[in-house]
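Undergrad: Pasting coords-v3.pdb here (PDB, C-alpha atoms):
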```pdb
MODEL        1
ATOM      1  CA  MET C  18       0.000   0.000   0.000
ATOM      2  CA  HIS C  19       2.830   2.354   0.931
ATOM      3  CA  GLN C  20       4.624   1.555  -2.334
ATOM      4  CA  THR C  21       1.485   2.324  -4.383
ATOM      5  CA  GLN C  22       1.091   5.730  -2.732
ATOM      6  CA  THR C  23       4.751   6.551  -3.398
ATOM      7  CA  THR C  24       4.408   5.627  -7.066
ATOM      8  CA  THR C  25       1.289   7.770  -7.426
ATOM      9  CA  LEU C  26       3.003  10.768  -5.847
ATOM     10  CA  ASP C  27       6.052  10.303  -8.030
ATOM     11  CA  ARG C  28       3.894  10.288 -11.136
ATOM     12  CA  ARG C  29       2.084  13.414  -9.977
ATOM     13  CA  THR C  30       5.388  15.115  -9.278
ATOM     14  CA  PHE C  31       6.649  14.162 -12.726
ATOM     15  CA  LEU C  32       3.477  15.385 -14.454
ATOM     16  CA  THR C  33       3.558  18.681 -12.526
ATOM     17  CA  ALA C  34       7.202  19.211 -13.437
ATOM     18  CA  ALA C  35       6.511  18.381 -17.076
ATOM     19  CA  GLY C  36       3.603  20.785 -17.134
ATOM     20  CA  CYS C  37       5.775  23.570 -15.728
ATOM     21  CA  ALA C  38       8.449  22.832 -18.312
ATOM     22  CA  VAL C  39       5.927  23.126 -21.147
ATOM     23  CA  ALA C  40       4.525  26.340 -19.695
ATOM     24  CA  ALA C  41       8.021  27.766 -19.298
ATOM     25  CA  ALA C  42       8.859  26.941 -22.905
ATOM     26  CA  ALA C  43       5.700  28.602 -24.161
ATOM     27  CA  ALA C  44       5.960  31.658 -21.879
ATOM     28  CA  PRO C  45       9.401  31.818 -20.278
ATOM     29  CA  ARG C  46       8.577  34.882 -18.152
ATOM     30  CA  LEU C  47       5.771  33.076 -16.290
ATOM     31  CA  SER C  48       6.224  30.408 -13.664
ATOM     32  CA  CYS C  49       3.829  27.486 -13.571
ATOM     33  CA  LEU C  50       2.287  28.906 -10.389
ATOM     34  CA  ALA C  51       1.867  32.385 -11.906
ATOM     35  CA  ALA C  52       0.175  30.887 -14.942
ATOM     36  CA  ALA C  53      -2.346  29.185 -12.669
ATOM     37  CA  GLU C  54      -3.119  32.398 -10.732
ATOM     38  CA  PRO C  55      -4.441  35.213 -12.936
ATOM     39  CA  ALA C  56      -3.038  38.627 -11.982
ATOM     40  CA  ALA C  57      -6.273  40.470 -12.754
ATOM     41  CA  LYS C  58      -9.962  39.881 -12.344
ATOM     42  CA  ALA C  59     -11.266  39.103 -15.829
ATOM     43  CA  SER C  60     -14.495  41.001 -15.142
ATOM     44  CA  TRP C  61     -12.773  44.260 -14.125
ATOM     45  CA  LYS C  62     -13.554  47.252 -16.316
ATOM     46  CA  MET C  63     -11.491  50.418 -16.356
ATOM     47  CA  ARG C  64     -13.485  53.636 -16.198
ATOM     48  CA  LEU C  65     -11.850  57.004 -16.886
ATOM     49  CA  SER C  66     -12.451  60.456 -15.476
ATOM     50  CA  THR C  67     -10.417  63.644 -15.484
ATOM     51  CA  SER C  68     -10.236  66.882 -13.522
ATOM     52  CA  THR C  69     -11.501  70.397 -14.228
ATOM     53  CA  VAL C  70      -8.219  71.825 -12.876
ATOM     54  CA  HIS C  71      -6.669  70.938 -16.239
ATOM     55  CA  PHE C  72      -8.765  73.715 -17.759
ATOM     56  CA  SER C  73      -8.634  76.141 -14.854
ATOM     57  CA  SER C  74      -9.038  79.231 -17.062
ATOM     58  CA  LEU C  75     -12.340  78.079 -18.580
ATOM     59  CA  PRO C  76     -15.923  78.205 -17.265
ATOM     60  CA  ILE C  77     -17.505  74.949 -16.154
ATOM     61  CA  GLU C  78     -19.675  74.689 -19.287
ATOM     62  CA  ASP C  79     -16.620  74.755 -21.582
ATOM     63  CA  VAL C  80     -14.729  72.322 -19.363
ATOM     64  CA  CYS C  81     -17.560  69.784 -19.443
ATOM     65  CA  GLN C  82     -17.796  70.094 -23.210
ATOM     66  CA  ARG C  83     -14.069  69.450 -23.661
ATOM     67  CA  ILE C  84     -13.917  66.522 -21.234
ATOM     68  CA  ALA C  85     -16.955  64.880 -22.839
ATOM     69  CA  ALA C  86     -15.558  65.430 -26.345
ATOM     70  CA  LEU C  87     -12.388  63.605 -25.295
ATOM     71  CA  GLY C  88     -14.515  60.577 -24.391
ATOM     72  CA  PHE C  89     -14.182  60.561 -20.599
ATOM     73  CA  GLU C  90     -17.022  59.021 -18.623
ATOM     74  CA  GLY C  91     -16.552  60.854 -15.327
ATOM     75  CA  ILE C  92     -15.500  64.280 -14.076
ATOM     76  CA  ASP C  93     -13.667  65.564 -11.004
ATOM     77  CA  ILE C  94     -14.623  69.165 -10.154
ATOM     78  CA  TRP C  95     -12.059  71.238  -8.267
ATOM     79  CA  CYS C  96     -12.637  73.903  -5.652
ATOM     80  CA  PRO C  97     -10.590  77.134  -5.998
ATOM     81  CA  SER C  98      -6.842  76.674  -5.568
ATOM     82  CA  LYS C  99      -4.302  79.387  -4.747
ATOM     83  CA  MET C 100      -1.784  77.718  -7.041
ATOM     84  CA  PHE C 101      -4.032  76.840  -9.989
ATOM     85  CA  GLY C 102      -7.049  79.135  -9.762
ATOM     86  CA  CYS C 103      -9.762  76.746 -10.894
ATOM     87  CA  PRO C 104     -13.070  78.512 -10.196
ATOM     88  CA  GLN C 105     -15.405  75.765 -11.422
ATOM     89  CA  LEU C 106     -16.759  74.489  -8.104
ATOM     90  CA  ASP C 107     -17.512  78.027  -6.973
ATOM     91  CA  GLU C 108     -19.203  78.653 -10.318
ATOM     92  CA  VAL C 109     -21.439  75.675  -9.674
ATOM     93  CA  GLU C 110     -22.209  76.875  -6.158
ATOM     94  CA  LYS C 111     -22.949  80.496  -7.083
ATOM     95  CA  ARG C 112     -24.366  80.252 -10.600
ATOM     96  CA  LEU C 113     -25.634  76.785 -11.520
ATOM     97  CA  GLY C 114     -26.684  75.166  -8.258
ATOM     98  CA  PRO C 115     -27.240  71.406  -8.004
ATOM     99  CA  ALA C 116     -30.054  71.315 -10.592
ATOM    100  CA  GLY C 117     -28.002  73.308 -13.087
ATOM    101  CA  LEU C 118     -24.979  71.059 -12.658
ATOM    102  CA  LYS C 119     -27.090  67.928 -13.057
ATOM    103  CA  ASP C 120     -28.524  69.337 -16.301
ATOM    104  CA  LEU C 121     -25.045  70.265 -17.565
ATOM    105  CA  LEU C 122     -23.639  66.814 -16.828
ATOM    106  CA  ALA C 123     -26.645  65.115 -18.414
ATOM    107  CA  LYS C 124     -26.250  67.258 -21.529
ATOM    108  CA  HIS C 125     -22.682  65.999 -21.983
ATOM    109  CA  LYS C 126     -23.358  62.474 -20.699
ATOM    110  CA  LEU C 127     -20.835  62.894 -17.878
ATOM    111  CA  LYS C 128     -21.040  61.293 -14.445
ATOM    112  CA  LEU C 129     -19.969  63.238 -11.379
ATOM    113  CA  TYR C 130     -17.143  61.241  -9.826
ATOM    114  CA  SER C 131     -15.649  63.645  -7.331
ATOM    115  CA  PHE C 132     -15.208  67.075  -5.845
ATOM    116  CA  THR C 133     -11.610  67.927  -4.920
ATOM    117  CA  CYS C 134     -11.878  69.977  -1.712
ATOM    118  CA  TYR C 135      -8.521  70.484  -0.007
ATOM    119  CA  PHE C 136      -7.758  72.006   3.392
ATOM    120  CA  GLY C 137     -10.969  71.271   5.219
ATOM    121  CA  VAL C 138     -13.435  72.942   2.839
ATOM    122  CA  TYR C 139     -15.538  69.823   2.154
ATOM    123  CA  PRO C 140     -18.248  70.876   4.685
ATOM    124  CA  ARG C 141     -18.916  74.009   2.634
ATOM    125  CA  TYR C 142     -19.786  71.902  -0.429
ATOM    126  CA  ALA C 143     -21.234  68.808   1.251
ATOM    127  CA  GLU C 144     -24.907  69.642   0.721
ATOM    128  CA  LEU C 145     -24.340  70.729  -2.890
ATOM    129  CA  PHE C 146     -22.411  67.516  -3.582
ATOM    130  CA  GLY C 147     -25.175  65.405  -2.081
ATOM    131  CA  LYS C 148     -27.927  67.108  -4.084
ATOM    132  CA  VAL C 149     -26.052  66.365  -7.308
ATOM    133  CA  GLY C 150     -25.808  62.686  -6.337
ATOM    134  CA  GLY C 151     -22.744  62.350  -4.155
ATOM    135  CA  GLY C 152     -19.444  60.663  -4.907
ATOM    136  CA  VAL C 153     -15.870  61.004  -3.654
ATOM    137  CA  ALA C 154     -14.588  64.162  -1.935
ATOM    138  CA  VAL C 155     -10.790  64.325  -2.168
ATOM    139  CA  ARG C 156      -8.928  66.093   0.636
ATOM    140  CA  GLU C 157      -5.420  66.397   2.073
ATOM    141  CA  SER C 158      -3.999  63.848   4.517
ATOM    142  CA  GLY C 159      -2.750  65.784   7.530
ATOM    143  CA  ASP C 160       0.377  67.791   8.259
ATOM    144  CA  GLY C 161       3.902  66.449   8.514
ATOM    145  CA  GLU C 162       5.449  62.996   8.178
ATOM    146  CA  ALA C 163       5.843  60.658  11.160
ATOM    147  CA  THR C 164       7.364  57.286  12.059
ATOM    148  CA  GLY C 165       7.025  54.579  14.700
ATOM    149  CA  LYS C 166       4.755  55.167  17.688
ATOM    150  CA  ASP C 167       4.384  58.814  16.700
ATOM    151  CA  LEU C 168       2.957  57.685  13.359
ATOM    152  CA  THR C 169       0.311  55.514  15.033
ATOM    153  CA  ALA C 170      -0.696  58.278  17.432
ATOM    154  CA  ARG C 171      -0.780  60.920  14.720
ATOM    155  CA  MET C 172      -2.804  58.708  12.384
ATOM    156  CA  LYS C 173      -5.339  57.980  15.125
ATOM    157  CA  ALA C 174      -5.659  61.715  15.781
ATOM    158  CA  PHE C 175      -6.095  62.423  12.058
ATOM    159  CA  LEU C 176      -8.855  59.833  11.707
ATOM    160  CA  GLU C 177     -10.566  61.157  14.832
ATOM    161  CA  LYS C 178     -10.449  64.678  13.410
ATOM    162  CA  LEU C 179     -12.326  63.497  10.299
ATOM    163  CA  LYS C 180     -15.396  62.283  12.217
ATOM    164  CA  PRO C 181     -17.474  65.473  11.669
ATOM    165  CA  GLU C 182     -16.752  65.370   7.923
ATOM    166  CA  LEU C 183     -17.625  61.680   7.809
ATOM    167  CA  GLU C 184     -20.964  62.411   9.469
ATOM    168  CA  LEU C 185     -21.639  64.903   6.671
ATOM    169  CA  ALA C 186     -20.520  62.323   4.107
ATOM    170  CA  GLU C 187     -23.024  59.797   5.484
ATOM    171  CA  LYS C 188     -25.775  62.410   5.387
ATOM    172  CA  HIS C 189     -25.034  63.502   1.818
ATOM    173  CA  ASN C 190     -24.078  60.185   0.182
ATOM    174  CA  ALA C 191     -20.375  60.989  -0.149
ATOM    175  CA  TYR C 192     -17.036  59.301   0.518
ATOM    176  CA  LEU C 193     -13.853  60.998   1.724
ATOM    177  CA  ALA C 194     -10.493  60.164   0.152
ATOM    178  CA  ALA C 195      -7.250  61.410   1.722
ATOM    179  CA  GLU C 196      -4.466  61.994  -0.796
ATOM    180  CA  ASN C 197      -0.884  60.947  -0.123
ATOM    181  CA  HIS C 198       1.500  63.834  -0.651
ATOM    182  CA  THR C 199       5.157  64.684  -0.103
ATOM    183  CA  GLY C 200       5.566  66.183   3.356
ATOM    184  CA  ARG C 201       2.139  64.995   4.544
ATOM    185  CA  LEU C 202       1.190  62.357   7.100
ATOM    186  CA  LEU C 203       0.166  59.864   4.398
ATOM    187  CA  ASN C 204       3.409  59.564   2.443
ATOM    188  CA  SER C 205       5.219  56.294   3.293
ATOM    189  CA  ARG C 206       4.622  52.562   3.202
ATOM    190  CA  ASP C 207       4.200  52.502   6.977
ATOM    191  CA  SER C 208       1.735  55.395   6.895
ATOM    192  CA  PHE C 209      -0.417  53.589   4.324
ATOM    193  CA  LYS C 210      -0.395  50.497   6.529
ATOM    194  CA  ALA C 211      -1.309  52.566   9.582
ATOM    195  CA  PHE C 212      -4.183  54.259   7.767
ATOM    196  CA  VAL C 213      -5.630  51.010   6.450
ATOM    197  CA  ASP C 214      -5.195  49.161   9.756
ATOM    198  CA  LEU C 215      -6.730  51.932  11.892
ATOM    199  CA  ASN C 216      -9.509  53.119   9.585
ATOM    200  CA  ARG C 217     -12.827  51.419  10.268
ATOM    201  CA  HIS C 218     -15.165  53.828   8.509
ATOM    202  CA  PRO C 219     -16.704  52.515   5.249
ATOM    203  CA  ARG C 220     -16.872  56.024   3.792
ATOM    204  CA  LEU C 221     -13.203  56.893   4.320
ATOM    205  CA  GLY C 222     -10.424  55.829   1.999
ATOM    206  CA  ILE C 223      -7.326  56.885   0.099
ATOM    207  CA  ALA C 224      -6.712  58.961  -3.027
ATOM    208  CA  LEU C 225      -3.518  57.428  -4.407
ATOM    209  CA  ALA C 226      -1.087  59.779  -6.175
ATOM    210  CA  PRO C 227       1.755  57.833  -7.859
ATOM    211  CA  TYR C 228       3.537  61.129  -8.581
ATOM    212  CA  HIS C 229       4.388  61.469  -4.890
ATOM    213  CA  LEU C 230       5.110  57.747  -4.464
ATOM    214  CA  GLN C 231       7.627  57.806  -7.307
ATOM    215  CA  ALA C 232       9.267  60.848  -5.711
ATOM    216  CA  GLY C 233       9.910  58.681  -2.644
ATOM    217  CA  ASN C 234      10.853  55.504  -4.582
ATOM    218  CA  ILE C 235       7.773  53.706  -3.241
ATOM    219  CA  SER C 236       6.157  50.902  -5.269
ATOM    220  CA  VAL C 237       2.829  52.022  -6.724
ATOM    221  CA  GLU C 238       1.669  48.439  -7.211
ATOM    222  CA  GLU C 239       2.448  47.574  -3.593
ATOM    223  CA  MET C 240       0.527  50.595  -2.307
ATOM    224  CA  ILE C 241      -2.478  49.656  -4.452
ATOM    225  CA  GLY C 242      -2.371  46.234  -2.806
ATOM    226  CA  ILE C 243      -2.087  47.712   0.687
ATOM    227  CA  CYS C 244      -5.005  50.084   0.072
ATOM    228  CA  GLY C 245      -7.254  47.295  -1.218
ATOM    229  CA  LYS C 246     -10.920  48.206  -0.875
ATOM    230  CA  GLN C 247      -9.969  51.440   0.882
ATOM    231  CA  LEU C 248      -8.714  52.844  -2.434
ATOM    232  CA  PHE C 249     -11.351  55.375  -3.543
ATOM    233  CA  TYR C 250      -9.393  57.444  -6.073
ATOM    234  CA  PHE C 251      -6.466  56.764  -8.411
ATOM    235  CA  TYR C 252      -4.468  59.488 -10.142
ATOM    236  CA  ALA C 253      -2.926  58.236 -13.391
ATOM    237  CA  TRP C 254       0.003  60.584 -12.793
ATOM    238  CA  GLN C 255       3.774  60.173 -13.052
ATOM    239  CA  HIS C 256       6.662  62.107 -11.507
ATOM    240  CA  GLN C 257       7.749  64.184 -14.489
ATOM    241  CA  GLU C 258       7.653  67.803 -15.624
ATOM    242  CA  GLY C 259       4.897  69.535 -17.612
ATOM    243  CA  VAL C 260       2.668  67.406 -19.808
ATOM    244  CA  ARG C 261       5.084  64.487 -19.335
ATOM    245  CA  GLN C 262       3.220  63.902 -16.064
ATOM    246  CA  LEU C 263       0.407  62.433 -18.167
ATOM    247  CA  PRO C 264       0.152  58.725 -19.059
ATOM    248  CA  GLY C 265       1.619  57.943 -22.446
ATOM    249  CA  VAL C 266       3.405  61.286 -22.674
ATOM    250  CA  GLY C 267       6.061  60.644 -20.019
ATOM    251  CA  PRO C 268       8.164  57.446 -19.820
ATOM    252  CA  THR C 269       6.418  55.419 -17.065
ATOM    253  CA  ASP C 270       4.808  52.122 -18.046
ATOM    254  CA  PHE C 271       1.338  52.259 -16.498
ATOM    255  CA  THR C 272       0.476  48.657 -17.391
ATOM    256  CA  PRO C 273       1.605  47.197 -14.016
ATOM    257  CA  TRP C 274      -0.441  49.841 -12.223
ATOM    258  CA  ILE C 275      -3.556  49.021 -14.217
ATOM    259  CA  ALA C 276      -2.966  45.307 -13.605
ATOM    260  CA  ALA C 277      -2.676  45.991  -9.871
ATOM    261  CA  LEU C 278      -5.939  47.947  -9.921
ATOM    262  CA  ALA C 279      -7.639  45.066 -11.711
ATOM    263  CA  LYS C 280      -6.243  42.547  -9.223
ATOM    264  CA  ALA C 281      -7.555  44.705  -6.361
ATOM    265  CA  ASP C 282     -10.934  44.961  -8.141
ATOM    266  CA  TYR C 283     -10.743  48.746  -7.840
ATOM    267  CA  ALA C 284     -14.298  50.092  -7.882
ATOM    268  CA  TRP C 285     -13.834  53.734  -8.928
ATOM    269  CA  TYR C 286     -12.363  55.750 -11.820
ATOM    270  CA  VAL C 287      -8.824  56.040 -13.143
ATOM    271  CA  ASN C 288      -8.085  59.762 -13.410
ATOM    272  CA  PRO C 289      -5.343  60.954 -15.828
ATOM    273  CA  PHE C 290      -3.825  63.950 -14.089
ATOM    274  CA  MET C 291      -1.113  66.592 -14.065
ATOM    275  CA  HIS C 292      -0.240  69.853 -12.334
ATOM    276  CA  GLY C 293       0.742  72.979 -14.226
ATOM    277  CA  VAL C 294      -0.845  75.643 -16.397
ATOM    278  CA  VAL C 295      -1.133  74.485 -20.013
ATOM    279  CA  ALA C 296      -3.066  76.072 -22.897
ATOM    280  CA  PRO C 297      -6.456  74.346 -23.341
ATOM    281  CA  ALA C 298      -5.614  73.017 -26.820
ATOM    282  CA  GLU C 299      -2.349  71.457 -25.609
ATOM    283  CA  MET C 300      -4.121  70.065 -22.548
ATOM    284  CA  SER C 301      -6.787  68.443 -24.708
ATOM    285  CA  LYS C 302      -4.098  66.881 -26.889
ATOM    286  CA  GLY C 303      -2.261  65.521 -23.852
ATOM    287  CA  LEU C 304      -5.419  64.055 -22.332
ATOM    288  CA  ALA C 305      -6.350  62.446 -25.651
ATOM    289  CA  THR C 306      -2.920  60.776 -25.715
ATOM    290  CA  ALA C 307      -3.337  59.689 -22.093
ATOM    291  CA  LYS C 308      -6.751  58.171 -22.710
ATOM    292  CA  GLU C 309      -5.595  56.224 -25.766
ATOM    293  CA  TYR C 310      -2.474  55.027 -23.949
ATOM    294  CA  LEU C 311      -4.395  53.848 -20.876
ATOM    295  CA  ALA C 312      -6.721  51.856 -23.121
ATOM    296  CA  LYS C 313      -3.663  50.035 -24.484
ATOM    297  CA  CYS C 314      -2.352  49.437 -20.962
ATOM    298  CA  TYR C 315      -5.728  48.033 -19.958
ATOM    299  CA  ALA C 316      -5.722  45.667 -22.940
ATOM    300  CA  LYS C 317      -2.229  44.416 -22.045
ATOM    301  CA  ALA C 318      -3.040  44.064 -18.346
ATOM    302  CA  MET C 319      -6.202  42.099 -19.000
ATOM    303  CA  GLY C 320      -4.626  40.031 -21.765
TER     304      GLY C 320
ENDMDL
END
```
Represent the structure contained in this file as structure tokens.

TA:
Amino acid sequence: MHQTQTTTLDRRTFLTAAGCAVAAAAAPRLSCLAAAEPAAKASWKMRLSTSTVHFSSLPIEDVCQRIAALGFEGIDIWCPSKMFGCPQLDEVEKRLGPAGLKDLLAKHKLKLYSFTCYFGVYPRYAELFGKVGGGVAVRESGDGEATGKDLTARMKAFLEKLKPELELAEKHNAYLAAENHTGRLLNSRDSFKAFVDLNRHPRLGIALAPYHLQAGNISVEEMIGICGKQLFYFYAWQHQEGVRQLPGVGPTDFTPWIAALAKADYAWYVNPFMHGVVAPAEMSKGLATAKEYLAKCYAKAMG
């Protein structure tokens, strides 16, 4: 009986080894185990949005028209910024109101993905956001970097501080996403782990900015994995200058990032993004390149 079991195991071992050899010959970059475990969920679909800050000199009506013409499904509307101007969210508040914005988005077949509301201004726009349908409100992630026990204490204090905003988010059908940023609390592998481990609120998550991760030599794919279901926003954004920050314009291969998003079953939009003032025509050209490039990355990642 013992001999029969040994023979059976030997045959299984041989067949497994043979199978791996065949797989390696056909696709030498994949191990037999990797071939058996797909890197991405086959059902995952990439949805694209982009931000009004890219056209900060234009009124909201013109911005929506341009973003829709480029073929984006969603839109991220920015509040005023000292660095970039960007009056669109205030235009909505003062001139259009929630009904006017809903009509404008319907006209261009755009879905409201997010309001970007840095430095504690989300409460000002919470009711407006909710009346338009809600979505993700992107905000900053606290002052100053930290390590060790100080990191844990500071992260707990940051999450506690967000409770009033989270109550508003629950009331107005919104989600809060804290963006990682150089010099901010959320800016290291350990800080991502601390956030994810300590956060228990279903309406609080992370807005992941690869630009700042690359600046710190931190793996984007690893951070996507750490964030998991707490990833509410993804900037398709690389650490370069000018329009080279955009996907497909600068040198970064976004395919591994898209594959990581698919593996994590990321539920929100991928948002091509850059900082800097660029003429609207050049910005449209860059975003068109980014959109086409990301579609190719998606095809490779899912293939």

Undergrad: Check the smallest atom-to-atom distance from each of C:Lys166, C:Lys148, C:Arg141, C:Lys173 to Ala116 (chain C) using all atoms listed in the file, then report the winner.

TA: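 Checking each of C:Lys166, C:Lys148, C:Arg141, C:Lys173 against Ala116 (chain C), counting all atoms listed in the file, the winner is C:Lys148.
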
Undergrad: Translate the PyMOL selection byres ((chain C and resi 269) around 12), as applied to the file shown, into an explicit residue set as a ChimeraX atom specification.

TA: /C:227-228,231,237,253-257,261-268,270-274,307,310-311,314

Undergrad: Which residue out of C:Cys96, C:Ala86, C:Leu183, C:Val149 has the minimum interatomic distance to Pro115 (chain C) when all atoms listed in the file are used?

TA: C:Val149

Undergrad: Spell out the residues picked by the PyMOL selection byres ((chain C and resi 122-129) around 12) here, as a PyMOL selection string.

TA: chain C and resi 64-69+77-95+109+113+115-121+130-133+146-154+191+285-286

Undergrad: Any chance you could work out the axis-aligned box around region 227-242 of chain C, listed atoms only, 6 Å on each side, giving centre and edge lengths in Å to one decimal, as lines of an AutoDock Vina configuration file?

TA:
```
center_x = 4.2
center_y = 53.9
center_z = -5.4
size_x = 25.3
size_y = 27.2
size_z = 18.3
```

Undergrad: Nearest to Ser73 (chain C): which of C:Cys244, C:Val295, C:Ile235, C:Ala276 is it, counting only C-alpha atoms?

TA: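 Of all the options, C:Val295 lies closest to Ser73 (chain C).
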
Undergrad: Evaluate the PyMOL selection byres ((chain C and resi 104) around 9) against this structure - the residues, as a PyMOL selection string, please.

TA: chain C and resi 70+73-77+95-98+102-103+105-109

Undergrad: Please determine, counting all atoms listed in the file, which residue among C:Lys58, C:Arg156, C:Arg206, C:Arg217 has the shortest atom-to-atom distance to Asn234 (chain C).

TA: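 Looking only at the distances to Asn234 (chain C), the closest residue turns out to be C:Arg206.
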
Undergrad: Extract, using all atoms listed in the file, all DNA, RNA and protein residues at most 12 Å from Leu202 (chain C), discarding same-chain residues fewer than 5 positions from it, and format them as a PyMOL selection string.

TA: chain C and resi 157-164+167-176+195-197+207-212

Undergrad: Which of these, C:Leu225, C:His198, C:Val260, C:Tyr135, has the shortest distance to Val287 (chain C) once you count only C-alpha atoms?

TA: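 Of C:Leu225, C:His198, C:Val260, C:Tyr135, the one nearest Val287 (chain C), counting only C-alpha atoms, is C:Leu225.
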
Undergrad: Of the residues C:Leu185, C:Met240, C:Val138, C:Ala194, which is the one nearest to Leu221 (chain C), using all atoms listed in the file?

TA: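 For Leu221 (chain C), the nearest of the given residues is C:Ala194.
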